[in-house]
Structures are given as C-alpha cells and as structure tokens.
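**Student:** Quick one, query-v3.cif (mmCIF, C-alpha atoms):
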```
data_entry
#
loop_
_atom_site.label_atom_id
_atom_site.label_comp_id
_atom_site.auth_asym_id
_atom_site.auth_seq_id
_atom_site.Cartn_x
_atom_site.Cartn_y
_atom_site.Cartn_z
CA MET A 1 67.47 -60.64 -99.63
CA SER A 2 64.92 -63.32 -100.50
CA GLU A 3 64.81 -65.31 -103.73
CA GLN A 4 62.55 -62.67 -105.25
CA LYS A 5 64.68 -60.07 -107.02
CA ILE A 6 61.96 -57.77 -108.40
CA PHE A 7 60.94 -54.50 -106.74
CA CYS A 8 58.04 -52.14 -107.24
CA PHE A 9 57.28 -48.63 -105.98
CA ILE A 10 54.34 -47.01 -104.18
CA GLY A 11 53.99 -43.31 -103.54
CA PRO A 12 51.62 -40.35 -103.66
CA GLU A 13 51.01 -38.31 -106.80
CA MET A 14 52.28 -35.16 -105.10
CA ILE A 15 55.69 -35.42 -103.44
CA GLU A 16 56.94 -32.85 -100.98
CA GLN A 17 60.70 -32.36 -100.69
CA GLU A 18 61.09 -33.81 -104.18
CA ARG A 19 64.87 -33.34 -104.41
CA MET A 20 65.47 -35.04 -101.08
CA VAL A 21 63.19 -37.93 -102.05
CA ALA A 22 64.93 -38.28 -105.43
CA LYS A 23 68.35 -38.45 -103.76
CA LYS A 24 67.22 -41.07 -101.21
CA LEU A 25 65.47 -43.05 -103.93
CA LYS A 26 68.60 -43.19 -106.09
CA THR A 27 70.71 -44.26 -103.10
CA GLU A 28 68.20 -46.99 -102.17
CA ILE A 29 67.92 -48.30 -105.74
CA GLU A 30 71.70 -48.53 -106.10
CA ARG A 31 71.96 -50.29 -102.72
CA LEU A 32 69.36 -52.83 -103.86
CA ILE A 33 71.15 -53.45 -107.15
CA LYS A 34 74.40 -54.09 -105.28
CA GLN A 35 72.48 -56.63 -103.14
CA GLY A 36 71.40 -58.52 -106.26
CA VAL A 37 68.07 -57.00 -107.30
CA THR A 38 67.66 -57.64 -111.01
CA GLY A 39 64.27 -56.15 -111.92
CA PHE A 40 62.06 -53.18 -111.24
CA ASN A 41 58.35 -52.95 -112.08
CA ILE A 42 57.55 -49.34 -112.95
CA ALA A 43 54.06 -47.87 -113.37
CA ALA A 44 53.59 -45.21 -116.03
CA GLY A 45 52.03 -41.99 -114.87
CA ARG A 46 53.05 -42.23 -111.21
CA LYS A 47 55.46 -39.67 -109.78
CA LEU A 48 57.62 -41.94 -107.58
CA ASP A 49 57.77 -44.62 -110.27
CA THR A 50 58.87 -42.09 -112.88
CA MET A 51 61.59 -40.75 -110.59
CA ALA A 52 62.75 -44.32 -109.92
CA ALA A 53 62.68 -45.24 -113.62
CA LEU A 54 64.93 -42.35 -114.58
CA HIS A 55 67.45 -43.37 -111.90
CA ILE A 56 67.28 -47.00 -113.04
CA LEU A 57 67.96 -46.04 -116.67
CA ARG A 58 71.10 -44.19 -115.57
CA LEU A 59 72.22 -47.01 -113.28
CA LYS A 60 71.72 -49.64 -116.02
CA LEU A 61 74.81 -48.20 -117.70
CA ASN A 62 76.92 -49.51 -114.80
CA TYR A 63 74.74 -52.54 -113.99
CA PRO A 64 73.70 -54.09 -117.34
CA GLY A 65 71.93 -57.04 -115.70
CA VAL A 66 69.22 -54.78 -114.27
CA LYS A 67 65.85 -54.85 -116.02
CA LEU A 68 63.21 -52.14 -116.11
CA HIS A 69 59.66 -53.44 -116.67
CA TYR A 70 57.42 -50.53 -117.71
CA ILE A 71 53.69 -51.05 -117.15
CA VAL A 72 51.43 -48.62 -119.01
CA PRO A 73 47.69 -48.24 -118.36
CA GLY A 74 46.82 -47.54 -121.99
CA LEU A 75 48.81 -45.26 -124.26
CA ASP A 76 46.49 -42.30 -123.66
CA LYS A 77 47.76 -42.19 -120.05
CA VAL A 78 51.37 -41.60 -121.07
CA ILE A 79 51.08 -39.59 -124.25
CA THR A 80 50.23 -36.17 -122.89
CA ALA A 81 51.94 -32.86 -123.60
CA GLU A 82 53.42 -32.42 -120.13
CA ASN A 83 55.05 -35.82 -119.82
CA SER A 84 55.49 -37.20 -123.33
CA PHE A 85 59.28 -36.70 -123.49
CA ILE A 86 59.96 -38.60 -120.26
CA ASN A 87 57.46 -41.36 -121.00
CA ASN A 88 58.69 -41.78 -124.56
CA ARG A 89 62.21 -42.18 -123.17
CA LEU A 90 60.97 -44.82 -120.73
CA ILE A 91 58.90 -46.64 -123.38
CA TYR A 92 61.86 -46.89 -125.74
CA ASN A 93 64.44 -47.79 -123.09
CA ALA A 94 62.47 -50.24 -120.94
CA ASP A 95 63.48 -53.88 -121.13
CA THR A 96 59.82 -54.90 -121.26
CA LEU A 97 56.70 -52.89 -121.99
CA LYS A 98 53.24 -54.04 -120.91
CA ILE A 99 50.15 -52.11 -121.95
CA VAL A 100 47.28 -53.00 -119.65
CA ALA A 101 43.84 -51.71 -118.71
CA ALA A 102 44.05 -48.92 -116.12
CA GLU A 103 42.37 -51.04 -113.47
CA GLU A 104 44.93 -53.83 -114.04
CA GLN A 105 48.06 -51.68 -113.66
CA THR A 106 48.48 -52.07 -109.89
CA ASN A 107 48.14 -55.86 -110.07
CA ARG A 108 50.78 -55.98 -112.81
CA ILE A 109 53.15 -53.81 -110.78
CA PHE A 110 52.95 -56.28 -107.91
CA LYS A 111 53.35 -59.32 -110.19
CA ASN A 112 56.51 -61.23 -109.28
CA ALA A 113 57.58 -58.45 -106.90
CA GLY A 114 58.91 -59.57 -103.54
CA PHE A 115 59.53 -56.07 -102.21
CA CYS A 116 58.15 -52.59 -102.71
CA ILE A 117 59.73 -49.23 -101.91
CA SER A 118 57.02 -47.05 -100.41
CA LEU A 119 56.99 -43.33 -99.78
CA SER A 120 53.65 -43.63 -98.02
CA GLY A 121 51.33 -46.48 -97.24
CA GLY A 122 51.90 -49.69 -99.11
CA HIS A 123 48.90 -51.48 -97.64
CA GLN A 124 47.85 -52.91 -101.02
CA ALA A 125 51.27 -54.46 -101.50
CA GLN A 126 51.33 -55.88 -97.97
CA LYS A 127 47.99 -57.60 -98.63
CA GLN A 128 49.66 -59.36 -101.56
CA GLY A 129 52.51 -60.59 -99.35
CA ILE A 130 55.03 -58.04 -100.61
CA THR A 131 57.57 -56.72 -98.12
CA ILE A 132 57.48 -52.93 -97.82
CA ILE A 133 60.69 -50.90 -97.56
CA PRO A 134 59.78 -47.38 -96.39
CA LEU A 135 61.46 -44.45 -98.05
CA ASP A 136 61.26 -41.64 -95.53
CA PRO A 137 62.05 -38.13 -96.80
#
```
Written as structure tokens, that's how I'd like the structure from this file.

**Tutor:**
Amino acid sequence: MSEQKIFCFIGPEMIEQERMVAKKLKTEIERLIKQGVTGFNIAAGRKLDTMAALHILRLKLNYPGVKLHYIVPGLDKVITAENSFINNRLIYNADTLKIVAAEEQTNRIFKNAGFCISLSGGHQAQKQGITIIPLDP
C-alpha cells in the first residue's frame, strides 16, 4: 500500500444485487483497514458511499484509528424525508464534516485520496492519479 492512506468510493446511484455488493464492500473495507488505511472520504447522497459509511461506522468500534470524512453538497441534499435518519447518523458520527457546493463535492472526495473503490467506472478518479480498486458484484 502506498504512503496515501485515504480511500474514496465511486458507484452508480442504482445498485443491482445490493446485498452482495454490501457484503463485498464490508469485506474490502475491513481488508484495507487491516493493511493500514486510516481514512475514508464519503460523499453524502451517493448509494455506494452511504453503504460504505455505515460499514465504516461499525468497524470503527474495533479500529478506533480509522477516520470517516463526510462530504456534504449542501444540507438540503441530505435532509430529506427518505434518508434523514441515515444521514443524520453519519453527520453526527463522522470524524470530519465538510459542507461544500454540489459541484465541488467530487473534487473534495478525491482530495488526499490515493485509492478509490469503484463499482463501475472510476475514470474521473483515474484522471486525478487515483488508483482504482474495482468492486465486482
């Protein structure tokens, strides 16, 4: 693993085989933590990121050195009826919270990230020199 110990996530809004993806995602996150990853940049309002964030919150109980950096594209994006409980949990339990303009969110996710777990694509991250780790369902 390189010097960079921060990961990000890239995935579609709609995820097929959600349970299988969630299981693989948890396994991959725990593997990364055991290899020395210390931080995860999470985007509010994105399906894969939210799944990852919930796993990270649980894993932080056993790995207290892990940091969750929650990046929110304006509070109106996260405070909606269908996702307010989950996002409130993430807002209050994140190690850092950054509220940014919607168009700035992707750049902030990539900031300081050396690697990105991708369910599909990842071309934006590759352009920024970030190594993509595919998460195949």

**Student:** What do you get, as a PyMOL selection string, if you spell out every residue that the PyMOL selection byres ((chain A and resi 123-132) around 12) selects here?

**Tutor:** chain A and resi 1-2+4-11+106-122+133-135

**Student:** Using the chain letters and numbers from the file, give me the residues hit by the PyMOL selection byres ((chain A and resi 22) around 12), as a list in words.

**Tutor:**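 The output of the PyMOL selection byres ((chain A and resi 22) around 12) on this file is Ile15, Glu16, Gln17, Glu18, Arg19, Met20, Val21, Lys23, Lys24, Leu25, Lys26, Thr27, Glu28, Ile29, Lys47, Leu48, Asp49, Thr50, Met51, Ala52, Ala53, Leu54, His55, Ile56, Leu119, Leu135, Asp136 and Pro137 of chain A.
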
**Student:** Kindly compute an axis-aligned box around the listed atoms of range 17-33 of chain A, allowing 8 Å on each side, and express its centre and edge lengths in Å to one decimal as AutoDock Vina command-line options.

**Tutor:**
```
--center_x 66.3 --center_y -42.9 --center_z -103.9 --size_x 27.3 --size_y 37.1 --size_z 22.5
```

**Student:** Please evaluate the PyMOL selection byres ((chain A and resi 95) around 7) against the displayed coordinates and give the resulting residues as a list in words.

**Tutor:** Lys67, Leu68, His69, Asn93, Ala94, Thr96 and Leu97 of chain A

**Student:** Using only C-alpha atoms, which of A:Val72, A:Val66, A:Leu61, A:Met14 sits nearest Ile91 in chain A?

**Tutor:**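 Nearest candidate to Ile91 in chain A out of A:Val72, A:Val66, A:Leu61, A:Met14: A:Val72.
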
**Student:** Any idea what the distance is between CA of Leu90 in chain A and CA of Thr38 in chain A?

**Tutor:** 17.4 Å

**Student:** Expressed in Å to a single decimal, how great is the separation between CA of Lys98 in chain A and CA of Ile71 in chain A?

**Tutor:** 4.8 Å

**Student:** Expressed in Å to a single decimal, how great is the separation between CA of Leu32 in chain A and CA of Gln105 in chain A?

**Tutor:**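 Separating CA of Leu32 in chain A from CA of Gln105 in chain A is a distance of 23.5 Å.
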